[in-house]
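Shown next: input-v5.cif, given as mmCIF, C-alpha atoms.
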```
data_final
#
loop_
_atom_site.label_atom_id
_atom_site.label_comp_id
_atom_site.auth_asym_id
_atom_site.auth_seq_id
_atom_site.Cartn_x
_atom_site.Cartn_y
_atom_site.Cartn_z
CA MET A 1 -332.12 145.49 -149.15
CA ILE A 2 -329.87 143.07 -147.23
CA HIS A 3 -330.33 140.55 -150.00
CA SER A 4 -329.18 142.94 -152.72
CA LEU A 5 -326.16 144.08 -150.66
CA LEU A 6 -325.07 140.45 -150.38
CA TYR A 7 -325.95 139.09 -153.80
CA GLU A 8 -325.69 142.07 -156.15
CA PRO A 9 -322.88 144.41 -157.22
CA TRP A 10 -322.78 147.68 -155.25
CA PRO A 11 -323.20 151.04 -156.95
CA TRP A 12 -320.19 153.37 -156.95
CA PHE A 13 -321.69 155.70 -154.37
CA ILE A 14 -321.72 152.90 -151.79
CA ALA A 15 -318.39 151.28 -152.61
CA GLY A 16 -316.47 154.60 -152.74
CA PRO A 17 -317.27 155.88 -149.23
CA ALA A 18 -316.90 152.34 -147.87
CA ILE A 19 -313.27 152.38 -149.05
CA GLY A 20 -312.86 155.72 -147.27
CA LEU A 21 -314.04 154.03 -144.06
CA ILE A 22 -311.32 151.39 -144.46
CA TYR A 23 -308.77 154.21 -144.87
CA PHE A 24 -309.94 155.67 -141.57
CA ALA A 25 -310.25 152.34 -139.76
CA LEU A 26 -306.60 151.49 -140.49
CA TYR A 27 -305.36 154.81 -139.09
CA PHE A 28 -307.61 154.32 -136.11
CA VAL A 29 -305.99 150.99 -135.26
CA GLY A 30 -302.54 152.56 -135.64
CA LYS A 31 -301.76 151.36 -139.17
CA ARG A 32 -301.87 152.88 -142.61
CA PHE A 33 -303.72 152.08 -145.83
CA GLY A 34 -301.46 150.67 -148.56
CA ILE A 35 -301.38 147.22 -150.07
CA SER A 36 -298.31 146.92 -152.28
CA GLY A 37 -296.04 147.21 -149.23
CA THR A 38 -296.99 143.58 -148.59
CA TYR A 39 -294.76 142.62 -151.53
CA ARG A 40 -291.73 144.05 -149.83
CA THR A 41 -292.67 142.46 -146.50
CA THR A 42 -293.15 139.05 -148.11
CA CYS A 43 -289.87 139.19 -150.04
CA SER A 44 -288.03 140.24 -146.88
CA MET A 45 -289.66 137.49 -144.88
CA LEU A 46 -288.54 134.94 -147.46
CA GLY A 47 -284.94 136.10 -147.09
CA ALA A 48 -284.58 138.56 -149.98
CA GLY A 49 -282.54 140.77 -147.64
CA LYS A 50 -279.56 138.56 -148.44
CA PHE A 51 -279.71 139.67 -152.07
CA ALA A 52 -280.78 143.30 -151.92
CA LYS A 53 -280.47 145.99 -149.27
CA TYR A 54 -284.02 147.13 -150.02
CA PHE A 55 -285.37 144.00 -148.32
CA ASP A 56 -283.02 144.22 -145.34
CA TYR A 57 -285.27 146.25 -143.06
CA LYS A 58 -287.36 145.76 -139.95
CA TRP A 59 -289.98 143.68 -141.74
CA LYS A 60 -291.30 142.23 -138.48
CA ASP A 61 -293.00 145.59 -137.88
CA ASP A 62 -294.97 145.02 -141.07
CA ILE A 63 -296.26 141.52 -140.47
CA TRP A 64 -299.62 143.04 -139.65
CA ASN A 65 -300.21 143.75 -143.31
CA LEU A 66 -300.00 140.05 -144.11
CA ILE A 67 -302.82 139.47 -141.65
CA PHE A 68 -304.72 142.15 -143.54
CA VAL A 69 -304.04 140.20 -146.75
CA VAL A 70 -305.49 137.02 -145.24
CA GLY A 71 -308.58 139.06 -144.34
CA MET A 72 -308.87 140.38 -147.90
CA ILE A 73 -308.78 136.88 -149.33
CA ILE A 74 -311.50 135.78 -146.89
CA GLY A 75 -313.54 138.84 -147.89
CA GLY A 76 -313.18 137.86 -151.54
CA TYR A 77 -314.27 134.31 -150.68
CA LEU A 78 -317.37 135.60 -148.91
CA ALA A 79 -318.26 137.87 -151.84
CA GLY A 80 -317.58 135.35 -154.59
CA VAL A 81 -318.32 131.94 -153.15
CA VAL A 82 -320.58 132.33 -150.10
CA PHE A 83 -322.63 135.27 -151.43
CA PRO A 84 -322.05 135.15 -155.20
CA ASN A 85 -323.56 137.85 -157.39
CA GLU A 86 -326.76 136.86 -159.16
CA VAL A 87 -326.07 139.18 -162.09
CA GLY A 88 -323.10 139.89 -164.35
CA VAL A 89 -321.24 143.16 -164.87
CA ASP A 90 -323.38 146.03 -166.13
CA LEU A 91 -320.84 147.42 -168.60
CA SER A 92 -321.39 150.28 -171.01
CA ALA A 93 -322.60 149.42 -174.51
CA SER A 94 -319.40 150.58 -176.20
CA THR A 95 -317.24 148.48 -173.85
CA ILE A 96 -319.41 145.44 -174.54
CA ALA A 97 -319.09 145.98 -178.30
CA SER A 98 -315.31 146.05 -178.16
CA LEU A 99 -315.19 143.04 -175.80
CA GLU A 100 -317.45 140.96 -178.03
CA GLU A 101 -315.28 141.81 -181.01
CA MET A 102 -312.35 140.23 -179.15
CA GLY A 103 -314.39 137.17 -178.23
CA PHE A 104 -315.35 137.88 -174.61
CA SER A 105 -318.78 136.91 -173.30
CA SER A 106 -318.30 135.93 -169.64
CA PHE A 107 -319.15 139.41 -168.34
CA LYS A 108 -322.79 138.35 -168.57
CA GLU A 109 -322.20 135.98 -165.66
CA THR A 110 -319.02 136.90 -163.84
CA MET A 111 -316.62 139.80 -163.34
CA ILE A 112 -313.36 137.97 -163.99
CA PRO A 113 -313.01 136.84 -167.63
CA VAL A 114 -312.65 133.07 -167.60
CA GLU A 115 -311.54 133.37 -171.24
CA ILE A 116 -308.11 134.55 -170.04
CA PHE A 117 -307.81 133.77 -166.36
CA ASN A 118 -307.83 130.01 -165.85
CA TRP A 119 -305.24 127.30 -165.24
CA GLU A 120 -305.27 126.09 -168.86
CA THR A 121 -304.59 129.49 -170.46
CA LEU A 122 -301.76 130.06 -167.99
CA PHE A 123 -299.67 127.79 -170.21
CA SER A 124 -300.54 129.65 -173.42
CA ILE A 125 -298.76 132.79 -174.62
CA LYS A 126 -301.92 134.81 -174.02
CA GLY A 127 -302.44 133.61 -170.47
CA PHE A 128 -298.75 133.93 -169.66
CA ILE A 129 -298.74 137.59 -170.68
CA PHE A 130 -301.96 138.49 -168.84
CA ILE A 131 -301.17 136.56 -165.66
CA VAL A 132 -297.41 136.23 -165.28
CA ILE A 133 -296.09 139.32 -167.09
CA GLY A 134 -299.02 141.34 -165.75
CA GLY A 135 -298.25 140.31 -162.17
CA LEU A 136 -294.57 141.02 -162.66
CA LEU A 137 -295.26 144.57 -163.87
CA VAL A 138 -297.62 145.19 -160.94
CA GLY A 139 -294.97 144.04 -158.47
CA PHE A 140 -292.11 145.96 -160.05
CA GLY A 141 -294.05 149.14 -160.81
CA THR A 142 -295.75 149.53 -157.44
CA ARG A 143 -292.46 149.17 -155.58
CA TYR A 144 -290.70 151.59 -157.90
CA ALA A 145 -293.51 154.11 -157.48
CA ASP A 146 -293.60 153.33 -153.74
CA GLY A 147 -297.35 152.72 -153.78
CA CYS A 148 -300.35 151.50 -155.70
CA THR A 149 -303.97 152.55 -155.94
CA SER A 150 -304.47 152.45 -152.18
CA GLY A 151 -301.18 154.15 -151.30
CA HIS A 152 -301.15 156.82 -153.98
CA ALA A 153 -304.59 157.23 -155.56
CA ILE A 154 -306.41 157.14 -152.20
CA THR A 155 -304.02 157.83 -149.31
CA GLY A 156 -301.69 160.14 -151.23
CA LEU A 157 -304.37 162.16 -153.01
CA ALA A 158 -306.36 162.47 -149.78
CA ASN A 159 -303.20 163.99 -148.27
CA LEU A 160 -302.96 166.36 -151.27
CA GLU A 161 -299.58 165.06 -152.39
CA PHE A 162 -298.16 166.08 -155.73
CA SER A 163 -296.05 162.90 -155.90
CA SER A 164 -299.21 160.81 -155.77
CA LEU A 165 -300.84 162.84 -158.53
CA VAL A 166 -297.79 162.14 -160.69
CA ALA A 167 -298.02 158.44 -159.83
CA VAL A 168 -301.73 158.33 -160.74
CA ILE A 169 -300.99 160.02 -164.07
CA GLY A 170 -298.42 157.26 -164.61
CA PHE A 171 -301.03 154.59 -163.75
CA PHE A 172 -303.24 155.96 -166.51
CA ILE A 173 -300.46 156.31 -169.09
CA GLY A 174 -299.52 152.65 -168.56
CA GLY A 175 -303.11 151.44 -168.33
CA MET A 176 -304.12 153.17 -171.54
CA ILE A 177 -301.10 151.82 -173.44
CA THR A 178 -302.09 148.30 -172.39
CA THR A 179 -305.80 148.79 -173.04
CA PHE A 180 -305.65 150.50 -176.41
CA PHE A 181 -302.52 148.94 -177.93
CA LEU A 182 -301.43 145.78 -176.15
CA ILE A 183 -304.70 143.98 -175.36
CA PRO A 184 -305.97 143.97 -178.99
CA ILE A 185 -302.59 142.56 -180.11
CA ILE A 186 -302.40 139.93 -177.36
CA MET A 187 -305.98 138.78 -178.00
CA ASN A 188 -304.99 138.12 -181.60
CA LEU A 189 -302.04 135.90 -180.70
CA MET B 1 -306.87 140.94 -130.39
CA LYS B 2 -304.85 143.43 -132.43
CA ASN B 3 -304.54 140.87 -135.18
CA LEU B 4 -308.23 140.08 -135.05
CA ARG B 5 -309.29 143.68 -135.68
CA LEU B 6 -306.87 143.90 -138.62
CA LEU B 7 -308.26 140.66 -139.98
CA ILE B 8 -311.80 142.02 -139.75
CA ILE B 9 -310.87 145.26 -141.54
CA GLY B 10 -309.21 143.13 -144.22
CA VAL B 11 -312.33 140.99 -144.63
CA ALA B 12 -314.44 144.13 -144.98
CA PHE B 13 -312.03 145.58 -147.54
CA GLY B 14 -312.04 142.38 -149.59
CA PHE B 15 -315.82 142.27 -149.54
CA ILE B 16 -316.19 145.95 -150.48
CA LEU B 17 -313.78 145.76 -153.43
CA SER B 18 -315.48 142.59 -154.64
CA LYS B 19 -319.03 143.89 -154.44
CA GLY B 20 -317.95 147.25 -155.89
CA GLU B 21 -316.57 145.30 -158.89
CA VAL B 22 -313.17 146.93 -158.35
CA ILE B 23 -311.66 143.45 -158.75
CA SER B 24 -313.25 143.08 -162.18
CA TRP B 25 -310.89 142.95 -165.16
CA TYR B 26 -313.87 144.15 -167.22
CA ARG B 27 -314.37 147.24 -165.07
CA ILE B 28 -310.69 148.14 -165.34
CA TYR B 29 -310.78 147.70 -169.10
CA GLU B 30 -313.82 149.96 -169.22
CA MET B 31 -312.16 152.53 -166.95
CA PHE B 32 -309.05 152.85 -169.10
CA ARG B 33 -311.32 153.36 -172.12
CA PHE B 34 -313.21 156.09 -170.20
CA GLU B 35 -316.52 154.48 -171.11
CA SER B 36 -318.20 154.42 -167.72
CA PHE B 37 -318.36 156.55 -164.61
CA HIS B 38 -318.38 153.53 -162.27
CA MET B 39 -314.67 153.28 -161.38
CA PHE B 40 -314.13 157.04 -161.41
CA GLY B 41 -317.09 157.44 -159.08
CA ILE B 42 -315.65 154.86 -156.68
CA ILE B 43 -312.12 156.25 -156.64
CA GLY B 44 -313.37 159.85 -156.56
CA LEU B 45 -315.68 159.26 -153.60
CA ALA B 46 -313.07 157.14 -151.82
CA VAL B 47 -310.61 160.03 -152.12
CA MET B 48 -313.17 162.60 -150.98
CA THR B 49 -314.24 160.53 -147.97
CA SER B 50 -310.59 159.87 -147.10
CA LEU B 51 -309.79 163.57 -147.47
CA ILE B 52 -312.45 164.40 -144.90
CA PHE B 53 -311.09 161.79 -142.49
CA ASN B 54 -307.55 163.03 -143.19
CA GLN B 55 -308.49 166.59 -142.23
CA TRP B 56 -310.43 165.42 -139.19
CA ILE B 57 -307.46 163.36 -137.96
CA LYS B 58 -305.04 166.28 -138.43
CA ARG B 59 -307.22 169.07 -137.06
CA SER B 60 -308.43 167.18 -134.01
CA LYS B 61 -304.92 165.76 -133.39
CA MET B 62 -306.70 162.45 -133.11
CA LYS B 63 -305.23 159.55 -131.19
CA ASP B 64 -305.56 155.95 -132.28
CA ILE B 65 -307.29 153.18 -130.36
CA ASP B 66 -304.14 152.60 -128.27
CA GLY B 67 -303.84 156.29 -127.39
CA LYS B 68 -300.93 157.07 -129.74
CA PRO B 69 -301.13 160.20 -131.90
CA ILE B 70 -302.00 159.32 -135.48
CA HIS B 71 -299.16 160.21 -137.81
CA ILE B 72 -299.87 160.72 -141.52
CA PRO B 73 -296.54 160.41 -143.37
CA LYS B 74 -295.70 162.11 -146.65
CA PHE B 75 -294.16 160.64 -149.78
CA TYR B 76 -290.78 161.86 -150.94
CA ASP B 77 -290.78 164.64 -153.50
CA GLY B 78 -289.82 163.85 -157.06
CA ILE B 79 -291.34 163.08 -160.38
CA LEU B 80 -289.39 160.47 -162.27
CA GLN B 81 -289.74 157.63 -159.79
CA TYR B 82 -293.49 158.10 -159.48
CA LEU B 83 -294.07 158.61 -163.18
CA LEU B 84 -291.95 155.66 -164.34
CA GLY B 85 -293.01 153.31 -161.55
CA GLY B 86 -296.61 154.39 -161.98
CA THR B 87 -296.52 153.74 -165.70
CA ILE B 88 -295.02 150.27 -165.25
CA PHE B 89 -297.68 149.47 -162.67
CA GLY B 90 -300.38 150.84 -165.01
CA LEU B 91 -299.27 148.47 -167.77
CA GLY B 92 -299.71 145.57 -165.37
CA TRP B 93 -302.93 146.89 -163.83
CA ALA B 94 -304.69 146.80 -167.20
CA LEU B 95 -303.24 143.35 -168.06
CA THR B 96 -304.22 141.60 -164.83
CA GLY B 97 -307.26 143.81 -164.32
CA SER B 98 -306.05 144.17 -160.75
CA CYS B 99 -304.14 146.49 -158.56
CA PRO B 100 -302.36 144.76 -155.65
CA GLY B 101 -305.43 144.48 -153.38
CA PRO B 102 -307.68 142.83 -155.97
CA LEU B 103 -304.84 140.53 -157.01
CA TYR B 104 -305.12 138.91 -153.58
CA ILE B 105 -308.89 139.23 -153.34
CA GLN B 106 -309.51 137.47 -156.66
CA ILE B 107 -307.93 134.30 -155.26
CA GLY B 108 -310.61 134.13 -152.60
CA TYR B 109 -313.28 135.21 -155.03
CA GLY B 110 -312.65 132.04 -157.00
CA SER B 111 -310.05 132.91 -159.62
CA THR B 112 -307.43 130.66 -158.07
CA VAL B 113 -305.00 131.05 -160.96
CA MET B 114 -304.28 134.52 -159.60
CA VAL B 115 -302.02 132.83 -157.04
CA ILE B 116 -299.55 132.76 -159.91
CA ALA B 117 -300.03 136.48 -160.60
CA VAL B 118 -299.37 137.24 -156.92
CA LEU B 119 -296.20 135.10 -156.90
CA SER B 120 -295.15 136.89 -160.06
CA ALA B 121 -295.77 140.24 -158.35
CA PHE B 122 -293.55 139.13 -155.44
CA PHE B 123 -290.89 138.27 -157.99
CA GLY B 124 -291.36 141.64 -159.73
CA SER B 125 -290.82 143.39 -156.40
CA PHE B 126 -287.74 141.27 -155.82
CA LEU B 127 -286.38 142.32 -159.22
CA TYR B 128 -287.01 145.93 -158.30
CA GLY B 129 -285.02 145.46 -155.10
CA LEU B 130 -282.12 144.05 -157.12
CA VAL B 131 -281.92 146.86 -159.67
CA LYS B 132 -283.17 149.68 -157.47
CA ASP B 133 -279.85 151.51 -157.22
CA LYS B 134 -279.48 151.61 -160.99
CA LEU B 135 -282.89 153.22 -161.55
CA PRO B 136 -283.54 156.94 -161.45
CA HIS B 137 -284.88 158.04 -158.06
CA LYS B 138 -284.83 161.52 -156.74
CA ASN B 139 -284.66 160.28 -153.19
CA LYS B 140 -283.61 157.04 -151.61
CA VAL B 141 -286.59 155.20 -150.23
#
```
Here is the file; what I need is its structure written in the form of structure tokens.
Amino acid sequence: MIHSLLYEPWPWFIAGPAIGLIYFALYFVGKRFGISGTYRTTCSMLGAGKFAKYFDYKWKDDIWNLIFVVGMIIGGYLAGVVFPNEVGVDLSASTIASLEEMGFSSFKETMIPVEIFNWETLFSIKGFIFIVIGGLLVGFGTRYADGCTSGHAITGLANLEFSSLVAVIGFFIGGMITTFFLIPIIMNL
Amino acid sequence: MKNLRLLIIGVAFGFILSKGEVISWYRIYEMFRFESFHMFGIIGLAVMTSLIFNQWIKRSKMKDIDGKPIHIPKFYDGILQYLLGGTIFGLGWALTGSCPGPLYIQIGYGSTVMVIAVLSAFFGSFLYGLVKDKLPHKNKV
């Protein structure tokens, strides 16, 4: 039991409620669940307030979320390096078929495709789009929408907010455009 | 002490998202193709569990660990900002296979090149700050 919790992927019915516990834990310590706010905090901390009013705010109140980020990275390290999974990603057959057609095979061993995400591909057109353009869109979009998956899809929906439902619909419009149209094109570059 | 408890919650969150495969580009690809229940199950149950906590906090007028009343803020009303911003984020979510949390977590998990994606996300946020007043918003954030 302990062994499989440490060295195997968790089923959805364990991971889902566990995220709900994080939501509660953050309120309980006087904070609030939401990750993309860290982008604003970081920019402000680095002096972006000189260039845009948006970053000229009381960012010192938000330093806590950078500590949370350090924790997340440590958590990722524990899960990926100290207690690495012994099995790959158990994807659906139709997903596997479309991935293999595009030349992916690393899902048998790991959950992050080394075919795209490594330091060598970063300097190719493909890697640049996936890593640099992708990151840029995440940063821009989450700030424009004032929240990401944690802020809107979890916190906002749990508070029954219409704005968050609209945002989540947007997430899926964008995600489906990338998945169905852009990724097949980029993988052919 | 306050920082330590936040650090621990962060560690737990990073571990949960990793073991739940939420940080997997493959899982996100599969989700946007609607070919597996996995991600929908996770998000759905996370929302339901959070909804229960949300109601409990409100109805019991719960106080936090320092004795302050817990305040659950609301987003501004409006459609365009959330729809457009959400769509732009969605484009990037499917490219990187990561929402903002996993973008950080993947660095620790071993995909160190994601440092570049995070820096790029900072830059994307900075660009947003620069052009914010020219974009359609119903309310000023």
Residues of segment 8-120 of chain B at most 7 Å from segment 99-123 of chain A: nearest atom pair and distance in Å, all atoms listed in the file, as a Markdown table:
```
| residue | atom | partner | partner_atom | distance |
| --- | --- | --- | --- | --- |
| B:Ser24 | CA | A:Met111 | CA | 4.8 |
| B:Trp25 | CA | A:Ile112 | CA | 5.7 |
| B:Tyr26 | CA | A:Met111 | CA | 6.4 |
| B:Val113 | CA | A:Trp119 | CA | 5.7 |
```
*Carefully work through the PyMOL selection byres ((chain B) within 6 of (chain A)) for this structure and note down the residues it includes, as an NGL selection string.*
:B and (6-7 or 10-11 or 14-15 or 19-20 or 24-25 or 30 or 32 or 38 or 41-42 or 45-47 or 49-51 or 64-65 or 81-83 or 85-92 or 94-96 or 100-101 or 104-105 or 108-109 or 113 or 117 or 120-122 or 124-125 or 128-130)
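Within the file as shown, the PyMOL selection byres ((chain B and resi 78) around 8) identifies Ser163 of chain A; Tyr76, Asp77, Ile79, Leu80, Gln81, Tyr82, His137, Lys138 and Asn139 of chain B.
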*Separation of atom CA of Glu21 of chain B and atom CA of Phe33 of chain A, in Å?*
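Interatomic distance here is 19.5 Å.
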_d(atom CA of Asn3 of chain B, atom CA of Met45 of chain A) in Å_ =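 One can read the atom CA of Asn3 of chain B to atom CA of Met45 of chain A distance as 18.1 Å.
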*Proximity to Leu17 of chain B - best of B:Leu84, B:Ile70, B:Leu103, B:Met48, all atoms listed in the file*: B:Leu103
*Could you work out how far atom CA of Met114 of chain B lies from atom CA of Gly88 of chain A, giving the answer in Å with one decimal?*
20.1 Å
*Between B:Val22, B:Leu135, B:Met1, B:Ile28, which has the minimum distance to Gln106 of chain B (counting only C-alpha atoms)?*
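Residue with the minimum atom-to-atom distance to Gln106 of chain B: B:Val22.
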